[in-house]
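Engineer: Could you have a look at this structure, given as structure tokens, before my questions?
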Protein chains: 2
Amino acid sequence: MNAATFRKAWGLEAFASACARRRLKRISVWGDQIEQVGVRAAKRLLRDAGLSPFGYNRAGPVLAADPGRRRTLFAAAMNEIDRAAEIGADHVLLFTGGLPEGSKDLNAARRDTVEIFQQLLEHARNAGIALAVEPLHPMLCGDRSCIHTLSHANDICDTLGPGIGIVVDVYHVWWDERIEADIKRAGAANRILGFHVSDWLVPTKHVLTDRGLMGDGIIDLNGIWKQLLAAGYDGPIEVEIFSEHWWAQDPDDVLDLALERCRSLFDGGSGGVAN
Amino acid sequence: MNAATFRKAWGLEAFASACARRRLKRISVWGDQIEQVGVRAAKRLLRDAGLSPFGYNRAGPVLAADPGRRRTLFAAAMNEIDRAAEIGADHVLLFTGGLPEGSKDLNAARRDTVEIFQQLLEHARNAGIALAVEPLHPMLCGDRSCIHTLSHANDICDTLGPGIGIVVDVYHVWWDERIEADIKRAGAANRILGFHVSDWLVPTKHVLTDRGLMGDGIIDLNGIWKQLLAAGYDGPIEVEIFSEHWWAQDPDDVLDLALERCRSLFDGGSGGVAN
């Protein structure tokens, strides 16, 4: 479970205890929620709940036109990586952010991104934590990211070498005609760090906060899961739903329903299901 | 100019006469507006206005689960191709439509699409008109299309052979890290049939009807135009803006403003600018 699915109802403690009650073993966390309780308290809280932190959200945004602003963002990203390592997360999600203010040059933003990721990667290697590139949906291009395909993410990982991998979020990449080939390629390079699920609703009313619960939309979730398994992925299935609709419901109900959907949709998958 | 930019204010006659007053030479038309006046009257009306029809919208949707429904859609698409040929359009835009009802199988939908396009192409060749594949933005995947990248469109054209080309609509493909390579590839195959412009707004409030006027968003329009020119494209720049905001304005003002933006953004381009 990813904390963002319940972010309007639960802070870290309530989220962790709800997951523990369902005997989940791994959760994905957000830096702002950890900051609210403090890193040491957060570590203790997770340990006491029998939970280990899986994905850590997030390092970034990193793109900016102004050099001073850029340095500030870079320092903040380094801090997030440190905090993720300290808390013992499996990987840190990288977030490029949108085009630098006033720029329309996506190619330049992409070159800058690789350069910045390279520097963050050196830091992350020393800190002993993996970095994760997560392609975001093209409808977020220029506004929130400049990486939109698994193919591009694979290229970036090829360029940067060990210590950086990919998180496959179905919501962002399900439409891509190359998805199977790129999952295979990522699997062959042993770089698939996570698998995020939700669903694509028709109609989609908002580009950020109208994700569907698994099974309510048109993504072939089981088909993509099988591609992950065939590519050697043996990690968990992570539920990450940004949705005004679901945020407004009782979070315990949402959690139970999400687990139920995962069990029915991904049955026969790895032992990691819904953990 | 594409009639859709003014579709809430103007029918074919008002649109054509507004374009003629500005001495435009080519317009893109929609079948429903032609049907309203009848094909013969539409031909006469365009000829009298000194206008030739460029893009014809559209043949499709073509995907359906039910065989009867599929035959009906296919027959309708054939009729649209006939009507486009009769009116003397340069090309007919193909529209796959969303996934067949109840299906989540994008691969199957894509295979079906190529098969159906193949049959439509035989018909279009006989009718003497070109077909155009127009990749739509991935946020329309499964709902309105199953072709989302120029790369995919290039592959389909390679498969189907002569008589089918590509329309590059910046709104749909600007985010793609391969855009320059795919425009080059399409140009080398001499298959770029049209170039549609609008802009990507931040924030984007609706996945269908919140396109921006050129210059109001974050797309590097001039940069993509230069890629088209370098690829040998010598056709017009076509303004196609689906926007509740612009539909609510005075259409004459929108037309003048669109022409002004085209002239300032694409100045130095081919003689076809804004025609």
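To be explicit about the labels: the chains of the structure tokens are called A, B, and onward in the order shown, and within each one the residues are counted from 1, while ligands get numbers from 1 in the order they are shown.
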Contacts between chain B and chain A, please, where a residue of chain A counts if it comes within 8 Å (with only C-alpha atoms); show its shortest atom pair and distance in Å to one decimal, rows by chain and ascending number, as a Markdown table.
Structural biologist:
```
| residue | atom | partner | partner_atom | distance |
| --- | --- | --- | --- | --- |
| A:Ser103 | CA | B:Ile218 | CA | 7.8 |
| A:Lys104 | CA | B:Asp220 | CA | 5.2 |
| A:Asp105 | CA | B:Asp220 | CA | 6.7 |
| A:Leu106 | CA | B:Trp175 | CA | 7.9 |
| A:Asn107 | CA | B:Glu177 | CA | 7.8 |
| A:His137 | CA | B:Pro138 | CA | 7.8 |
| A:Pro138 | CA | B:Trp175 | CA | 6.2 |
| A:Met139 | CA | B:Met139 | CA | 6.3 |
| A:Cys141 | CA | B:Trp175 | CA | 6.0 |
| A:Gly142 | CA | B:Ile218 | CA | 7.1 |
| A:Asp143 | CA | B:Val202 | CA | 6.5 |
| A:Cys146 | CA | B:Trp175 | CA | 7.8 |
| A:His148 | CA | B:Asp176 | CA | 7.6 |
| A:His152 | CA | B:Glu177 | CA | 7.4 |
| A:Trp175 | CA | B:Cys141 | CA | 6.0 |
| A:Asp176 | CA | B:His148 | CA | 7.6 |
| A:Glu177 | CA | B:His152 | CA | 7.4 |
| A:Val202 | CA | B:Asp143 | CA | 6.5 |
| A:Pro203 | CA | B:Asp143 | CA | 7.7 |
| A:Thr204 | CA | B:Val207 | CA | 7.5 |
| A:Lys205 | CA | B:His206 | CA | 6.8 |
| A:His206 | CA | B:His206 | CA | 6.7 |
| A:Val207 | CA | B:Val207 | CA | 7.4 |
| A:Ile218 | CA | B:Lys104 | CA | 5.5 |
| A:Ile219 | CA | B:Lys104 | CA | 6.1 |
| A:Asp220 | CA | B:Lys104 | CA | 5.3 |
```
Engineer: Is it possible to see chain A as a PDB file with C-alpha atoms, in the first residue's frame, once it has been laid onto chain B by a least-squares fit on every C-alpha atom in order?
Structural biologist:
```pdb
ATOM      1  CA  MET A   1      -8.141  26.317 -40.562  1.00  0.00           C
ATOM      2  CA  ASN A   2     -10.046  23.351 -39.237  1.00  0.00           C
ATOM      3  CA  ALA A   3     -13.801  23.831 -38.879  1.00  0.00           C
ATOM      4  CA  ALA A   4     -13.733  22.217 -35.411  1.00  0.00           C
ATOM      5  CA  THR A   5     -12.075  25.345 -34.029  1.00  0.00           C
ATOM      6  CA  PHE A   6     -15.357  27.180 -34.614  1.00  0.00           C
ATOM      7  CA  ARG A   7     -17.819  24.344 -34.480  1.00  0.00           C
ATOM      8  CA  LYS A   8     -20.170  25.846 -31.929  1.00  0.00           C
ATOM      9  CA  ALA A   9     -20.534  29.156 -33.784  1.00  0.00           C
ATOM     10  CA  TRP A  10     -20.310  28.355 -37.482  1.00  0.00           C
ATOM     11  CA  GLY A  11     -21.654  25.807 -39.904  1.00  0.00           C
ATOM     12  CA  LEU A  12     -19.783  25.112 -43.146  1.00  0.00           C
ATOM     13  CA  GLU A  13     -21.074  28.153 -45.023  1.00  0.00           C
ATOM     14  CA  ALA A  14     -20.254  30.720 -42.331  1.00  0.00           C
ATOM     15  CA  PHE A  15     -16.865  29.097 -41.745  1.00  0.00           C
ATOM     16  CA  ALA A  16     -16.003  29.038 -45.443  1.00  0.00           C
ATOM     17  CA  SER A  17     -17.030  32.619 -45.978  1.00  0.00           C
ATOM     18  CA  ALA A  18     -15.032  33.789 -42.932  1.00  0.00           C
ATOM     19  CA  CYS A  19     -11.957  31.997 -44.294  1.00  0.00           C
ATOM     20  CA  ALA A  20     -12.516  33.405 -47.775  1.00  0.00           C
ATOM     21  CA  ARG A  21     -12.699  36.953 -46.389  1.00  0.00           C
ATOM     22  CA  ARG A  22      -9.199  36.398 -44.966  1.00  0.00           C
ATOM     23  CA  ARG A  23      -8.019  35.021 -48.321  1.00  0.00           C
ATOM     24  CA  LEU A  24      -7.264  31.586 -46.950  1.00  0.00           C
ATOM     25  CA  LYS A  25      -7.037  28.906 -49.595  1.00  0.00           C
ATOM     26  CA  ARG A  26      -7.483  25.600 -47.788  1.00  0.00           C
ATOM     27  CA  ILE A  27      -9.768  24.495 -44.979  1.00  0.00           C
ATOM     28  CA  SER A  28     -10.366  21.225 -43.215  1.00  0.00           C
ATOM     29  CA  VAL A  29     -13.910  20.037 -42.967  1.00  0.00           C
ATOM     30  CA  TRP A  30     -16.146  17.708 -40.978  1.00  0.00           C
ATOM     31  CA  GLY A  31     -18.565  15.227 -42.486  1.00  0.00           C
ATOM     32  CA  ASP A  32     -21.496  16.204 -40.277  1.00  0.00           C
ATOM     33  CA  GLN A  33     -21.296  19.830 -41.437  1.00  0.00           C
ATOM     34  CA  ILE A  34     -21.162  18.718 -45.061  1.00  0.00           C
ATOM     35  CA  GLU A  35     -24.138  16.459 -44.522  1.00  0.00           C
ATOM     36  CA  GLN A  36     -26.111  19.423 -43.225  1.00  0.00           C
ATOM     37  CA  VAL A  37     -25.841  21.250 -46.524  1.00  0.00           C
ATOM     38  CA  GLY A  38     -25.433  18.269 -48.822  1.00  0.00           C
ATOM     39  CA  VAL A  39     -22.298  17.259 -50.750  1.00  0.00           C
ATOM     40  CA  ARG A  40     -23.165  19.090 -53.974  1.00  0.00           C
ATOM     41  CA  ALA A  41     -24.042  22.333 -52.230  1.00  0.00           C
ATOM     42  CA  ALA A  42     -20.897  22.005 -50.111  1.00  0.00           C
ATOM     43  CA  LYS A  43     -18.701  21.565 -53.200  1.00  0.00           C
ATOM     44  CA  ARG A  44     -20.232  24.603 -54.863  1.00  0.00           C
ATOM     45  CA  LEU A  45     -19.997  26.644 -51.706  1.00  0.00           C
ATOM     46  CA  LEU A  46     -16.287  25.874 -51.309  1.00  0.00           C
ATOM     47  CA  ARG A  47     -15.556  26.519 -54.976  1.00  0.00           C
ATOM     48  CA  ASP A  48     -17.385  29.848 -54.907  1.00  0.00           C
ATOM     49  CA  ALA A  49     -15.372  30.827 -51.829  1.00  0.00           C
ATOM     50  CA  GLY A  50     -12.111  29.949 -53.578  1.00  0.00           C
ATOM     51  CA  LEU A  51     -11.385  27.259 -51.026  1.00  0.00           C
ATOM     52  CA  SER A  52     -10.188  23.732 -51.456  1.00  0.00           C
ATOM     53  CA  PRO A  53     -10.873  21.120 -48.792  1.00  0.00           C
ATOM     54  CA  PHE A  54      -7.703  19.816 -47.192  1.00  0.00           C
ATOM     55  CA  GLY A  55      -8.355  17.344 -44.354  1.00  0.00           C
ATOM     56  CA  TYR A  56     -11.677  15.531 -44.137  1.00  0.00           C
ATOM     57  CA  ASN A  57     -12.847  14.466 -40.677  1.00  0.00           C
ATOM     58  CA  ARG A  58     -13.356  11.550 -40.461  1.00  0.00           C
ATOM     59  CA  ALA A  59     -13.666   7.828 -41.103  1.00  0.00           C
ATOM     60  CA  GLY A  60     -14.375   5.941 -37.904  1.00  0.00           C
ATOM     61  CA  PRO A  61     -14.813   4.816 -35.185  1.00  0.00           C
ATOM     62  CA  VAL A  62     -14.212   1.328 -36.512  1.00  0.00           C
ATOM     63  CA  LEU A  63     -13.741  -0.885 -33.431  1.00  0.00           C
ATOM     64  CA  ALA A  64     -16.674  -2.808 -31.979  1.00  0.00           C
ATOM     65  CA  ALA A  65     -17.228  -6.120 -30.213  1.00  0.00           C
ATOM     66  CA  ASP A  66     -20.503  -6.983 -31.926  1.00  0.00           C
ATOM     67  CA  PRO A  67     -20.038  -8.161 -35.560  1.00  0.00           C
ATOM     68  CA  GLY A  68     -23.216  -6.408 -36.714  1.00  0.00           C
ATOM     69  CA  ARG A  69     -22.151  -3.129 -35.129  1.00  0.00           C
ATOM     70  CA  ARG A  70     -18.738  -3.547 -36.652  1.00  0.00           C
ATOM     71  CA  ARG A  71     -20.185  -3.982 -40.127  1.00  0.00           C
ATOM     72  CA  THR A  72     -22.315  -0.875 -39.620  1.00  0.00           C
ATOM     73  CA  LEU A  73     -19.281   1.144 -38.555  1.00  0.00           C
ATOM     74  CA  PHE A  74     -17.253  -0.184 -41.463  1.00  0.00           C
ATOM     75  CA  ALA A  75     -19.962   0.779 -43.973  1.00  0.00           C
ATOM     76  CA  ALA A  76     -20.165   4.242 -42.423  1.00  0.00           C
ATOM     77  CA  ALA A  77     -16.385   4.651 -42.708  1.00  0.00           C
ATOM     78  CA  MET A  78     -16.530   3.644 -46.377  1.00  0.00           C
ATOM     79  CA  ASN A  79     -19.233   6.251 -46.951  1.00  0.00           C
ATOM     80  CA  GLU A  80     -17.117   8.931 -45.322  1.00  0.00           C
ATOM     81  CA  ILE A  81     -14.218   8.031 -47.606  1.00  0.00           C
ATOM     82  CA  ASP A  82     -16.512   8.290 -50.632  1.00  0.00           C
ATOM     83  CA  ARG A  83     -17.805  11.653 -49.494  1.00  0.00           C
ATOM     84  CA  ALA A  84     -14.280  12.923 -48.873  1.00  0.00           C
ATOM     85  CA  ALA A  85     -13.249  11.841 -52.363  1.00  0.00           C
ATOM     86  CA  GLU A  86     -16.348  13.387 -53.903  1.00  0.00           C
ATOM     87  CA  ILE A  87     -15.735  16.719 -52.261  1.00  0.00           C
ATOM     88  CA  GLY A  88     -12.121  16.628 -53.398  1.00  0.00           C
ATOM     89  CA  ALA A  89     -10.379  16.572 -50.020  1.00  0.00           C
ATOM     90  CA  ASP A  90      -6.666  15.902 -49.806  1.00  0.00           C
ATOM     91  CA  HIS A  91      -6.928  13.181 -47.141  1.00  0.00           C
ATOM     92  CA  VAL A  92      -9.368  11.520 -44.762  1.00  0.00           C
ATOM     93  CA  LEU A  93      -8.536  11.316 -41.067  1.00  0.00           C
ATOM     94  CA  LEU A  94      -8.920   7.808 -39.645  1.00  0.00           C
ATOM     95  CA  PHE A  95     -10.359   7.411 -36.166  1.00  0.00           C
ATOM     96  CA  THR A  96     -10.147   4.027 -34.456  1.00  0.00           C
ATOM     97  CA  GLY A  97     -12.451   4.839 -31.545  1.00  0.00           C
ATOM     98  CA  GLY A  98     -12.001   3.213 -28.162  1.00  0.00           C
ATOM     99  CA  LEU A  99     -11.677  -0.390 -27.084  1.00  0.00           C
ATOM    100  CA  PRO A 100     -14.569  -2.630 -28.115  1.00  0.00           C
ATOM    101  CA  GLU A 101     -17.170  -2.738 -25.339  1.00  0.00           C
ATOM    102  CA  GLY A 102     -16.076  -4.980 -22.487  1.00  0.00           C
ATOM    103  CA  SER A 103     -12.559  -5.483 -23.867  1.00  0.00           C
ATOM    104  CA  LYS A 104      -9.312  -4.484 -22.187  1.00  0.00           C
ATOM    105  CA  ASP A 105      -7.160  -6.008 -24.900  1.00  0.00           C
ATOM    106  CA  LEU A 106      -5.287  -3.154 -26.558  1.00  0.00           C
ATOM    107  CA  ASN A 107      -3.109  -5.505 -28.578  1.00  0.00           C
ATOM    108  CA  ALA A 108      -6.171  -7.141 -30.115  1.00  0.00           C
ATOM    109  CA  ALA A 109      -7.704  -3.719 -30.806  1.00  0.00           C
ATOM    110  CA  ARG A 110      -4.495  -2.685 -32.530  1.00  0.00           C
ATOM    111  CA  ARG A 111      -4.409  -5.816 -34.667  1.00  0.00           C
ATOM    112  CA  ASP A 112      -8.065  -5.295 -35.623  1.00  0.00           C
ATOM    113  CA  THR A 113      -7.350  -1.680 -36.448  1.00  0.00           C
ATOM    114  CA  VAL A 114      -4.632  -2.553 -38.929  1.00  0.00           C
ATOM    115  CA  GLU A 115      -6.875  -5.136 -40.550  1.00  0.00           C
ATOM    116  CA  ILE A 116      -9.762  -2.675 -40.879  1.00  0.00           C
ATOM    117  CA  PHE A 117      -7.490   0.114 -42.107  1.00  0.00           C
ATOM    118  CA  GLN A 118      -6.181  -2.281 -44.745  1.00  0.00           C
ATOM    119  CA  GLN A 119      -9.696  -2.828 -46.084  1.00  0.00           C
ATOM    120  CA  LEU A 120     -10.496   0.877 -45.967  1.00  0.00           C
ATOM    121  CA  LEU A 121      -7.251   1.587 -47.760  1.00  0.00           C
ATOM    122  CA  GLU A 122      -8.172  -0.615 -50.715  1.00  0.00           C
ATOM    123  CA  HIS A 123     -11.385   1.335 -50.985  1.00  0.00           C
ATOM    124  CA  ALA A 124      -9.640   4.699 -50.647  1.00  0.00           C
ATOM    125  CA  ARG A 125      -7.085   3.824 -53.321  1.00  0.00           C
ATOM    126  CA  ASN A 126      -9.910   3.073 -55.721  1.00  0.00           C
ATOM    127  CA  ALA A 127     -11.642   6.291 -54.734  1.00  0.00           C
ATOM    128  CA  GLY A 128      -8.394   8.196 -55.295  1.00  0.00           C
ATOM    129  CA  ILE A 129      -8.011   9.694 -51.858  1.00  0.00           C
ATOM    130  CA  ALA A 130      -5.303   9.315 -49.213  1.00  0.00           C
ATOM    131  CA  LEU A 131      -5.964   8.037 -45.712  1.00  0.00           C
ATOM    132  CA  ALA A 132      -4.322   9.669 -42.704  1.00  0.00           C
ATOM    133  CA  VAL A 133      -3.393   8.043 -39.417  1.00  0.00           C
ATOM    134  CA  GLU A 134      -3.396  10.646 -36.649  1.00  0.00           C
ATOM    135  CA  PRO A 135      -1.933   9.467 -33.352  1.00  0.00           C
ATOM    136  CA  LEU A 136      -4.071  10.829 -30.511  1.00  0.00           C
ATOM    137  CA  HIS A 137      -2.770  11.727 -27.054  1.00  0.00           C
ATOM    138  CA  PRO A 138      -2.297   8.743 -24.704  1.00  0.00           C
ATOM    139  CA  MET A 139      -4.862  10.277 -22.351  1.00  0.00           C
ATOM    140  CA  LEU A 140      -7.441   9.260 -24.983  1.00  0.00           C
ATOM    141  CA  CYS A 141      -6.272   5.642 -25.025  1.00  0.00           C
ATOM    142  CA  GLY A 142      -8.993   3.029 -24.920  1.00  0.00           C
ATOM    143  CA  ASP A 143     -11.660   5.709 -24.897  1.00  0.00           C
ATOM    144  CA  ARG A 144     -11.160   7.296 -28.313  1.00  0.00           C
ATOM    145  CA  SER A 145      -8.157   5.684 -29.948  1.00  0.00           C
ATOM    146  CA  CYS A 146      -5.556   2.954 -29.739  1.00  0.00           C
ATOM    147  CA  ILE A 147      -2.809   4.740 -31.728  1.00  0.00           C
ATOM    148  CA  HIS A 148      -0.826   7.252 -29.680  1.00  0.00           C
ATOM    149  CA  THR A 149       2.617   7.712 -31.119  1.00  0.00           C
ATOM    150  CA  LEU A 150       4.124   8.696 -34.452  1.00  0.00           C
ATOM    151  CA  SER A 151       6.280   5.614 -34.109  1.00  0.00           C
ATOM    152  CA  HIS A 152       3.212   3.386 -34.042  1.00  0.00           C
ATOM    153  CA  ALA A 153       1.659   5.330 -36.925  1.00  0.00           C
ATOM    154  CA  ASN A 154       4.868   4.919 -38.930  1.00  0.00           C
ATOM    155  CA  ASP A 155       4.825   1.170 -38.263  1.00  0.00           C
ATOM    156  CA  ILE A 156       1.210   0.935 -39.444  1.00  0.00           C
ATOM    157  CA  CYS A 157       2.013   2.868 -42.614  1.00  0.00           C
ATOM    158  CA  ASP A 158       5.018   0.629 -43.274  1.00  0.00           C
ATOM    159  CA  THR A 159       2.733  -2.384 -42.978  1.00  0.00           C
ATOM    160  CA  LEU A 160      -0.025  -1.047 -45.199  1.00  0.00           C
ATOM    161  CA  GLY A 161       1.982   0.521 -48.013  1.00  0.00           C
ATOM    162  CA  PRO A 162       1.154   3.409 -50.349  1.00  0.00           C
ATOM    163  CA  GLY A 163      -1.972   5.517 -49.990  1.00  0.00           C
ATOM    164  CA  ILE A 164      -1.843   5.961 -46.237  1.00  0.00           C
ATOM    165  CA  GLY A 165       0.107   8.648 -44.406  1.00  0.00           C
ATOM    166  CA  ILE A 166       0.299  10.538 -41.149  1.00  0.00           C
ATOM    167  CA  VAL A 167      -1.092  13.754 -39.759  1.00  0.00           C
ATOM    168  CA  VAL A 168       1.126  15.262 -37.064  1.00  0.00           C
ATOM    169  CA  ASP A 169      -0.998  17.035 -34.465  1.00  0.00           C
ATOM    170  CA  VAL A 170       1.364  18.705 -31.998  1.00  0.00           C
ATOM    171  CA  TYR A 171      -1.158  18.516 -29.175  1.00  0.00           C
ATOM    172  CA  HIS A 172      -1.103  14.747 -29.318  1.00  0.00           C
ATOM    173  CA  VAL A 173       2.584  14.027 -29.842  1.00  0.00           C
ATOM    174  CA  TRP A 174       4.666  16.938 -28.510  1.00  0.00           C
ATOM    175  CA  TRP A 175       5.593  15.062 -25.303  1.00  0.00           C
ATOM    176  CA  ASP A 176       7.189  12.110 -27.100  1.00  0.00           C
ATOM    177  CA  GLU A 177      10.945  11.863 -26.687  1.00  0.00           C
ATOM    178  CA  ARG A 178      11.122  10.293 -30.141  1.00  0.00           C
ATOM    179  CA  ILE A 179       9.152  12.998 -31.968  1.00  0.00           C
ATOM    180  CA  GLU A 180      12.049  14.322 -34.014  1.00  0.00           C
ATOM    181  CA  ALA A 181      13.174  10.846 -35.094  1.00  0.00           C
ATOM    182  CA  ASP A 182       9.635   9.862 -36.037  1.00  0.00           C
ATOM    183  CA  ILE A 183       8.953  13.038 -38.011  1.00  0.00           C
ATOM    184  CA  LYS A 184      12.198  12.400 -39.870  1.00  0.00           C
ATOM    185  CA  ARG A 185      11.165   8.812 -40.521  1.00  0.00           C
ATOM    186  CA  ALA A 186       7.728   9.880 -41.753  1.00  0.00           C
ATOM    187  CA  GLY A 187       9.273  12.557 -43.944  1.00  0.00           C
ATOM    188  CA  ALA A 188      11.752  10.115 -45.464  1.00  0.00           C
ATOM    189  CA  ALA A 189       8.806   7.904 -46.417  1.00  0.00           C
ATOM    190  CA  ASN A 190       7.065  10.974 -47.846  1.00  0.00           C
ATOM    191  CA  ARG A 191       4.002  10.341 -45.756  1.00  0.00           C
ATOM    192  CA  ILE A 192       3.397  13.513 -43.745  1.00  0.00           C
ATOM    193  CA  LEU A 193      -0.015  14.655 -44.908  1.00  0.00           C
ATOM    194  CA  GLY A 194      -0.772  17.437 -42.465  1.00  0.00           C
ATOM    195  CA  PHE A 195       0.346  19.439 -39.462  1.00  0.00           C
ATOM    196  CA  HIS A 196      -2.189  20.461 -36.806  1.00  0.00           C
ATOM    197  CA  VAL A 197      -1.446  23.101 -34.225  1.00  0.00           C
ATOM    198  CA  SER A 198      -2.878  24.272 -30.917  1.00  0.00           C
ATOM    199  CA  ASP A 199      -1.123  24.386 -27.534  1.00  0.00           C
ATOM    200  CA  TRP A 200      -0.873  22.490 -24.243  1.00  0.00           C
ATOM    201  CA  LEU A 201      -2.175  24.515 -21.325  1.00  0.00           C
ATOM    202  CA  VAL A 202      -0.946  24.238 -17.746  1.00  0.00           C
ATOM    203  CA  PRO A 203      -3.119  23.299 -16.008  1.00  0.00           C
ATOM    204  CA  THR A 204      -5.183  21.309 -18.492  1.00  0.00           C
ATOM    205  CA  LYS A 205      -8.732  21.153 -17.168  1.00  0.00           C
ATOM    206  CA  HIS A 206     -10.301  18.672 -19.548  1.00  0.00           C
ATOM    207  CA  VAL A 207      -8.833  15.819 -21.580  1.00  0.00           C
ATOM    208  CA  LEU A 208     -10.862  16.697 -24.691  1.00  0.00           C
ATOM    209  CA  THR A 209     -11.869  20.340 -24.731  1.00  0.00           C
ATOM    210  CA  ASP A 210      -9.168  22.421 -23.100  1.00  0.00           C
ATOM    211  CA  ARG A 211      -6.655  22.940 -25.881  1.00  0.00           C
ATOM    212  CA  GLY A 212      -4.866  26.232 -25.952  1.00  0.00           C
ATOM    213  CA  LEU A 213      -4.333  28.836 -28.630  1.00  0.00           C
ATOM    214  CA  MET A 214      -0.853  28.666 -30.134  1.00  0.00           C
ATOM    215  CA  GLY A 215       1.521  30.529 -27.841  1.00  0.00           C
ATOM    216  CA  ASP A 216      -0.609  30.226 -24.701  1.00  0.00           C
ATOM    217  CA  GLY A 217       0.869  26.899 -23.634  1.00  0.00           C
ATOM    218  CA  ILE A 218       4.167  25.068 -23.294  1.00  0.00           C
ATOM    219  CA  ILE A 219       4.620  23.334 -26.655  1.00  0.00           C
ATOM    220  CA  ASP A 220       7.697  24.345 -28.618  1.00  0.00           C
ATOM    221  CA  LEU A 221       5.599  24.921 -31.749  1.00  0.00           C
ATOM    222  CA  ASN A 222       8.278  26.613 -33.777  1.00  0.00           C
ATOM    223  CA  GLY A 223      10.772  23.877 -32.912  1.00  0.00           C
ATOM    224  CA  ILE A 224       8.419  21.140 -34.079  1.00  0.00           C
ATOM    225  CA  TRP A 225       7.554  23.122 -37.219  1.00  0.00           C
ATOM    226  CA  LYS A 226      11.248  23.274 -38.070  1.00  0.00           C
ATOM    227  CA  GLN A 227      11.414  19.491 -37.683  1.00  0.00           C
ATOM    228  CA  LEU A 228       8.537  19.198 -40.163  1.00  0.00           C
ATOM    229  CA  LEU A 229      10.276  21.483 -42.640  1.00  0.00           C
ATOM    230  CA  ALA A 230      13.545  19.585 -42.249  1.00  0.00           C
ATOM    231  CA  ALA A 231      11.626  16.386 -42.989  1.00  0.00           C
ATOM    232  CA  GLY A 232      10.440  17.884 -46.276  1.00  0.00           C
ATOM    233  CA  TYR A 233       6.871  18.788 -45.316  1.00  0.00           C
ATOM    234  CA  ASP A 234       5.578  21.521 -47.588  1.00  0.00           C
ATOM    235  CA  GLY A 235       1.900  21.514 -46.695  1.00  0.00           C
ATOM    236  CA  PRO A 236      -0.093  23.997 -44.636  1.00  0.00           C
ATOM    237  CA  ILE A 237      -0.263  24.637 -40.917  1.00  0.00           C
ATOM    238  CA  GLU A 238      -3.742  23.724 -39.741  1.00  0.00           C
ATOM    239  CA  VAL A 239      -5.304  25.267 -36.658  1.00  0.00           C
ATOM    240  CA  GLU A 240      -7.448  22.768 -34.750  1.00  0.00           C
ATOM    241  CA  ILE A 241      -8.458  23.876 -31.270  1.00  0.00           C
ATOM    242  CA  PHE A 242     -11.009  21.915 -29.276  1.00  0.00           C
ATOM    243  CA  SER A 243     -11.753  24.348 -26.492  1.00  0.00           C
ATOM    244  CA  GLU A 244     -14.841  25.299 -24.526  1.00  0.00           C
ATOM    245  CA  HIS A 245     -13.111  28.593 -23.831  1.00  0.00           C
ATOM    246  CA  TRP A 246     -12.492  29.517 -27.466  1.00  0.00           C
ATOM    247  CA  TRP A 247     -15.805  28.114 -28.671  1.00  0.00           C
ATOM    248  CA  ALA A 248     -17.486  30.628 -26.374  1.00  0.00           C
ATOM    249  CA  GLN A 249     -15.696  33.641 -27.937  1.00  0.00           C
ATOM    250  CA  ASP A 250     -16.599  35.588 -31.041  1.00  0.00           C
ATOM    251  CA  PRO A 251     -15.461  33.285 -33.888  1.00  0.00           C
ATOM    252  CA  ASP A 252     -14.202  36.133 -36.081  1.00  0.00           C
ATOM    253  CA  ASP A 253     -11.961  37.290 -33.251  1.00  0.00           C
ATOM    254  CA  VAL A 254     -10.707  33.763 -32.670  1.00  0.00           C
ATOM    255  CA  LEU A 255      -9.934  33.343 -36.356  1.00  0.00           C
ATOM    256  CA  ASP A 256      -8.000  36.611 -36.525  1.00  0.00           C
ATOM    257  CA  LEU A 257      -6.111  35.855 -33.355  1.00  0.00           C
ATOM    258  CA  ALA A 258      -5.244  32.351 -34.566  1.00  0.00           C
ATOM    259  CA  LEU A 259      -3.887  33.749 -37.830  1.00  0.00           C
ATOM    260  CA  GLU A 260      -1.877  36.365 -35.972  1.00  0.00           C
ATOM    261  CA  ARG A 261      -0.355  33.718 -33.712  1.00  0.00           C
ATOM    262  CA  CYS A 262       0.472  31.493 -36.666  1.00  0.00           C
ATOM    263  CA  ARG A 263       2.209  34.341 -38.447  1.00  0.00           C
ATOM    264  CA  SER A 264       4.318  35.246 -35.450  1.00  0.00           C
ATOM    265  CA  LEU A 265       5.127  31.676 -34.388  1.00  0.00           C
ATOM    266  CA  PHE A 266       5.800  30.120 -37.757  1.00  0.00           C
ATOM    267  CA  ASP A 267       7.246  33.088 -39.592  1.00  0.00           C
ATOM    268  CA  GLY A 268       9.953  32.071 -41.996  1.00  0.00           C
ATOM    269  CA  GLY A 269       8.211  28.768 -42.677  1.00  0.00           C
ATOM    270  CA  SER A 270       6.828  27.613 -46.006  1.00  0.00           C
ATOM    271  CA  GLY A 271       4.448  29.631 -48.134  1.00  0.00           C
ATOM    272  CA  GLY A 272       1.703  27.438 -46.769  1.00  0.00           C
ATOM    273  CA  VAL A 273       1.620  29.217 -43.438  1.00  0.00           C
ATOM    274  CA  ALA A 274      -1.883  29.680 -42.099  1.00  0.00           C
ATOM    275  CA  ASN A 275      -3.512  28.606 -45.338  1.00  0.00           C
TER     276      ASN A 275
END
```
Engineer: Among range 60-140 of chain A, which residues does DSSP mark as strand (DSSP E or B) when it is run on the backbone? Keep the chain and numbering as in the structure and answer as a PyMOL selection string.
Structural biologist: chain A and resi 91-94+130-133
